[in-house]
Amino acid sequence: MSTNEAFDRLRPVCVQLTRKQTTENVEALRQAVMSERQEDLQNLQEYVLFPLRFSLKQPKQLGQDLCKNVVDCMVAIFEWTSISRLEMFQDVFTMLCLLIGLPMDDEKRAFEMSEEMKLSVVQCLTAIVKNAQDSVLEQVYSVSFLPPLGHAVSILLGLAENEKLRQLRLAAMEALLALGQCHRKVSQGLVAKVGDIFSSFLPGVSMSLCKVITGDLKQGTAVTVCAIQAWTKLVSMVMNDTVLEKCQKNKQKTKSDPQVEHGGPSRRLVVERTPEWIKATAEKIGVLVKRIVAMVTHSSWKVRLALVEWAETFLVQCPKSLEASIPLFLEVLVSLVGDDYANVARRSKHALETFTTLNTESGGSRQLVELLEENLHSMATVLPRIMRTAGDTKKLSTLTLLSGYLTLLGPKVASLLQSYQHLNKLALALVQVLELDCTDVRIVEERTSLIGPTGMLNMAENLPLRPKKHFKHFHEDRIHEELIIICRTLGYYGDITLLVDHFLDTFHQTALYRKQAALVINEMVLGTTGVGVAVDVMTSKNSEEIEDVIKSLIEDYLSPSIFNLATSNQSDASSRGNSSHDWTIPQGQESGSILLANLNSNIVLICQLLEGIGMFSKVLKKRFRYLLVDVLYPILEKLGSENSMVTQAAGVTLMEIAASCEYRSIGDLICQNADYLVNAISLKLRHLSQNPDAPLVLQAMLQCCTADIMNHVDDTIQEILRSLDQYHDVKAMQFMRVLHALVCAIKQWYPCQKVQVKEKDVACKIRDTKTSAADKSLYGKETVSCDQIRDFFIDYHKQKKIAEGHVTPDDIGSSEFDPGVGQNDLDNDNTMDETDEKKKVPKHVDIIIQILERCKHILSSNLPRLRLLVLDVIGCGCQTLADHENELLPMIHKLWPSVVQRFSDKEELVILKAFEILCVMADASGDFIRQRVSKDVFPKLVAILNRQAAVSLKTGQSYKYTVGFKLQKIILSGIGPLCTRLDVSENDCDRISTACVQYLSVRQPKPLQEAALRAFYSFIEVDPDLIWLKLNDVYCEAPLSAPHPCFKDIKMAANPGKRNEFTDNVQKLLELL
């Protein structure tokens, strides 16, 4: 009864849709169908489908939107019911295939149809295949129905391969799997039938899906994963060993089909899975397998996991039919054993274990270990060629595979490498692959900063990284990381003593492989701790054996013939003021120019040795303290090197040692081991010609430590000063670098309070000047009365008479000339002097004085870099002595003649540095040097400004990068504050401002104009009346009239009201006055 009632409810809707095909009628039928019971709908399936099938007979008249709605309604019906009649299945299946594309014109039809319509048709195909009963499927997978199935497969492959809509591509591959009955478990008989049918489609299916798998990354991970899964299930269904064996026993089974027996046309499409066919197909599939294996380096872990399942499926189900491809499937699993994602690595290990178990039980294949050892040897043979010729993707996949072989072999690596042939082949491959690129000129040219107050002190605080390695055969960081994993895996599983001995032989045999051998040794030793090795459970190593190996390596690494290789040419050293024998060249090496490539190679090798020492400290941890006696002094030598890469590598090594040995910092490391460092320095300074690097160690110690080190190095500093006196002609640069580091360190350890207070006062003065200027601009200019003008001139006349010596008795009786007051002041000064003499000079002040005493002699050196360094030492020394005036002023008096000569130097950089030091002296000593500056310096500065003003007036943008521009800018920026600090006279202010006023021209570079404006801000503070007069002489906005008729009118050089090149800047300054 319920079926009849359902029929009564559905009949009007079906009739209405048959009469008029509209979207509303289709939706009404869909709603009615969804409201019925499944049993009733199953009984009325054909009746309900009739109007829908009838509507699809003429799709062009309906339009794509209505057709899509009809197909969606059919999908809903098929998902709710099952197909029990072959005729129904065949009719709907054929109609849907024709709807997407005709057999001879499918591409054109598919192109014309919308993607949404294609998606609905594909979903309907999937629904009818999934919901067809087994009795129907038994007839579908027969020779007679082979053409429609082939048509459907070709359409679905085309959609999966060519469409843009990701959802449509996924639906097409899902339909393919449904056609292959891969979505559910079916009977063995049906599996055989499906395999027989799909064997005819296998070439097209495998090739098209392979194209999808290896397609563009833009298609998305989901498409790639789905294609891998479809390829796996469909190909394994056809090539399954179990099914193939049964097919061989039932070769005549397909002849039961009447059409086959009578030689119908479909018989020509049937493929018989004979041994010959299986062999030929396996060869062709092997070509596609090689292409798919390349996807093992895909960036998505989902794709890699799908590849693991792909390889496992064929190793388990098709080991006989696809025996030739087994090594390729193993490559995938081995490559992914050490994958970064735990799921991928765990699944790979499980798949390999499963394959090993099956092989052991069957006994028909070689053992997995033997296969891995053979593949490892083959891989080591071809690795250098691949790294030289292949692309980065191929290189990475090869290295990943090699790493997987080693990880999979595990502890068996030690026994394998007992064979000299295997060990030599693998070692040779690694040193060839890791060949470093040493052609970059920056390796030898980059220098450690010599000038400046901080030196390398900040380097220890900012935690620099290791110098980046550049390899000749690859540039990808992932490739380098994979090679590191290989080396560390060897060190973890292999016999570390055997491996180190072998690579040390390579290290000493030829300089060509020395850098690579050191790199491999370093990583192998670090690998003994298990760092970077993919292991489930860490196994402890023999610590005594590792410690003996490290001691042996340190002895080799620090041998003078290797660790003290030349890092610069002798000619460069002589230009820097070193001795005739370059301190970077070991004793006994022949003099002469060294090729750039050799210098670069030496620098990179030293960096590798330093990196290795740091790694050794990570291995031994606190036990490395016993080796500090041997390694600390050589590392500090390299820390003081002029080459930037060597210095950086040494700094990082010291940080690693400090952390491994549980010191708080590098300074703590050096301070606690300073006793034997200082002793070694003292011994080597006595034979300086044989130990030219000794001062560098003290320099490095000073740059990295705190004031606590002073108690340890006091005697050593005196030895340095004595050595400077003895070797000042040939070793001045080297010793001054040490003294510069010492002065900068003392400046930082004992900050001067006087300089800090002065800086605050200057900042307040500038702020007050700006505030008063702003007030004047707001409230207008001050009005001056006649009485004020009269008082000004009376006072001026009086002061002028006193200056000329015309003093009246009234003036003598004033308090200004009270002899008692002057006598008291004199007595107080004498008392203070006697008190100061009794004060004991601090140790660091005494050291600074001794250093500055020597600077006055070396400042006349003919080497510009040495003169710059000495000036920098003088500047730091004066800042340090600012709180000790009794020591500072006599020292400035002694240094003054040498410093003044630098303002006539041929090198503009030296003049620039000399001006900076002059400003430092003025800050420290105040007006003590006012007369000296006025007499000795100002004339030279005026000459420089006048000479360069004509040059900068006609230049372009490129002039900003010249030394002359920098000199102008520094002088203009500093001359104003200098005049303020010295409180210069009116005459000095006049001549300096006259030289600076020409930089107010708009034709000068903008930075110079801004610097000149800042200078005039300071001049205004010194003598505002003078500056007002000078500025009005350059540009006068209106004629100036006298305040009283008794005065004559003032005539200026500039025409009143006429704009010129100075107008803009002069107006800004006049607003402040």
# chains A, B, ... in the order shown; residues from 1 in each chain; ligands from 1
>>> residues_around(residues="Val270 of chain A", least_positions_apart="5", cutoff="9 Å", atoms="only C-alpha atoms", output="list in words")
Val143, Leu146, Asp196, Ile197, Ser199 and Ser200 of chain A
>>> select_by_dssp(residues="segment 229-369 of chain A", states="helix (DSSP H, G or I)", output="ChimeraX atom specification")
/A:229-239,241-249,253-256,258-261,265-269,275-297,301-317,323-335,342-362,368-369
>>> atom_distance(atom1="atom CA of Ser144 of chain A", atom2="atom CA of Val129 of chain A")
17.1 Å
>>> residues_around(residues="Leu595 of chain A", least_positions_apart="5", cutoff="10 Å", atoms="only C-alpha atoms", output="ChimeraX atom specification")
/A:568-569,600-601
>>> closest_residue(among="A:Val153, A:Val873, A:Ile1027, A:Met655", to="Ala745 of chain A", atoms="only C-alpha atoms")
A:Val873
>>> closest_residue(among="A:Ile484, A:Ala914, A:Leu336, A:Val122", to="His298 of chain A", atoms="only C-alpha atoms")
A:Leu336
>>> residues_around(residues="Leu596 of chain A", least_positions_apart="6", cutoff="12 Å", atoms="only C-alpha atoms", output="PyMOL selection string")
chain A and resi 438-445+566-569+602-603
>>> write_last_selection(atoms="C-alpha atoms", output="PDB file, in the first residue's frame")
ATOM      1  CA  CYS A 438      86.746  29.993  -2.983  1.00  0.00           C
ATOM      2  CA  THR A 439      86.608  32.381  -5.948  1.00  0.00           C
ATOM      3  CA  ASP A 440      84.843  35.276  -4.229  1.00  0.00           C
ATOM      4  CA  VAL A 441      87.253  38.195  -3.828  1.00  0.00           C
ATOM      5  CA  ARG A 442      85.377  39.341  -0.717  1.00  0.00           C
ATOM      6  CA  ILE A 443      86.803  36.429   1.247  1.00  0.00           C
ATOM      7  CA  VAL A 444      90.267  37.982   1.344  1.00  0.00           C
ATOM      8  CA  GLU A 445      89.237  41.620   0.981  1.00  0.00           C
ATOM      9  CA  ALA A 566      98.850  32.947   4.862  1.00  0.00           C
ATOM     10  CA  THR A 567      95.631  34.970   4.717  1.00  0.00           C
ATOM     11  CA  SER A 568      97.056  38.063   2.984  1.00  0.00           C
ATOM     12  CA  ASN A 569      99.907  38.943   0.661  1.00  0.00           C
ATOM     13  CA  ASN A 602      93.605  29.265   3.257  1.00  0.00           C
ATOM     14  CA  ILE A 603      91.006  31.533   4.865  1.00  0.00           C
TER      15      ILE A 603
END
>>> closest_residue(among="A:His470, A:His475, A:Lys541, A:Lys1048", to="Thr497 of chain A", atoms="only C-alpha atoms")
A:Lys541
>>> residues_around(residues="segment 273-287 of chain A", least_positions_apart="5", cutoff="12 Å", atoms="only C-alpha atoms", output="PyMOL selection string")
chain A and resi 192-193+195-207+210+231-232+235-236+238-241+243-252+254+292-294+314+318-329
>>> residues_around(residues="segment 185-187 of chain A", least_positions_apart="6", cutoff="12 Å", atoms="only C-alpha atoms", output="mmCIF file with N, CA and C atoms, in the first residue's frame")
data_model
loop_
_atom_site.group_PDB
_atom_site.id
_atom_site.type_symbol
_atom_site.label_atom_id
_atom_site.label_comp_id
_atom_site.auth_asym_id
_atom_site.auth_seq_id
_atom_site.Cartn_x
_atom_site.Cartn_y
_atom_site.Cartn_z
ATOM 1 N N LYS A 130 28.619 3.192 -8.302
ATOM 2 C CA LYS A 130 28.697 2.769 -6.911
ATOM 3 C C LYS A 130 27.418 2.070 -6.457
ATOM 4 N N GLN A 133 24.019 -2.971 -8.666
ATOM 5 C CA GLN A 133 24.105 -4.261 -7.990
ATOM 6 C C GLN A 133 25.148 -5.135 -8.673
ATOM 7 N N ASP A 134 25.681 -6.127 -7.921
ATOM 8 C CA ASP A 134 26.733 -6.993 -8.463
ATOM 9 C C ASP A 134 26.277 -7.733 -9.707
ATOM 10 N N SER A 135 24.993 -8.116 -9.757
ATOM 11 C CA SER A 135 24.488 -8.815 -10.936
ATOM 12 C C SER A 135 24.597 -7.947 -12.181
ATOM 13 N N LEU A 137 26.841 -5.402 -12.456
ATOM 14 C CA LEU A 137 28.257 -5.179 -12.712
ATOM 15 C C LEU A 137 28.907 -6.378 -13.387
ATOM 16 N N GLU A 138 28.432 -7.583 -13.083
ATOM 17 C CA GLU A 138 28.971 -8.773 -13.755
ATOM 18 C C GLU A 138 28.805 -8.664 -15.261
ATOM 19 N N ALA A 178 35.880 4.500 -8.975
ATOM 20 C CA ALA A 178 34.601 3.789 -8.883
ATOM 21 C C ALA A 178 34.436 2.817 -10.035
ATOM 22 N N LYS A 193 37.468 -9.886 -13.442
ATOM 23 C CA LYS A 193 36.801 -9.288 -14.603
ATOM 24 C C LYS A 193 37.204 -7.825 -14.776
ATOM 25 N N VAL A 194 37.174 -7.077 -13.651
ATOM 26 C CA VAL A 194 37.557 -5.664 -13.738
ATOM 27 C C VAL A 194 39.003 -5.534 -14.202
ATOM 28 N N MET A 237 45.674 -3.136 -9.323
ATOM 29 C CA MET A 237 44.546 -4.034 -9.605
ATOM 30 C C MET A 237 44.830 -4.893 -10.839
ATOM 31 N N VAL A 243 46.072 -12.122 -8.513
ATOM 32 C CA VAL A 243 45.051 -12.135 -9.565
ATOM 33 C C VAL A 243 45.640 -12.661 -10.871
#
>>> residues_around(residues="Ile386 of chain A", least_positions_apart="6", cutoff="9 Å", atoms="only C-alpha atoms", output="ChimeraX atom specification")
/A:394-395,398
>>> atom_distance(atom1="atom CA of Thr528 of chain A", atom2="atom CA of Lys551 of chain A")
15.2 Å
>>> closest_residue(among="A:Ile746, A:Ile562, A:Val1066, A:Ala659", to="His508 of chain A", atoms="only C-alpha atoms")
A:Ile562
>>> closest_residue(among="A:Pro939, A:Pro467, A:Gly158, A:Gly494", to="Ala649 of chain A", atoms="only C-alpha atoms")
A:Pro467
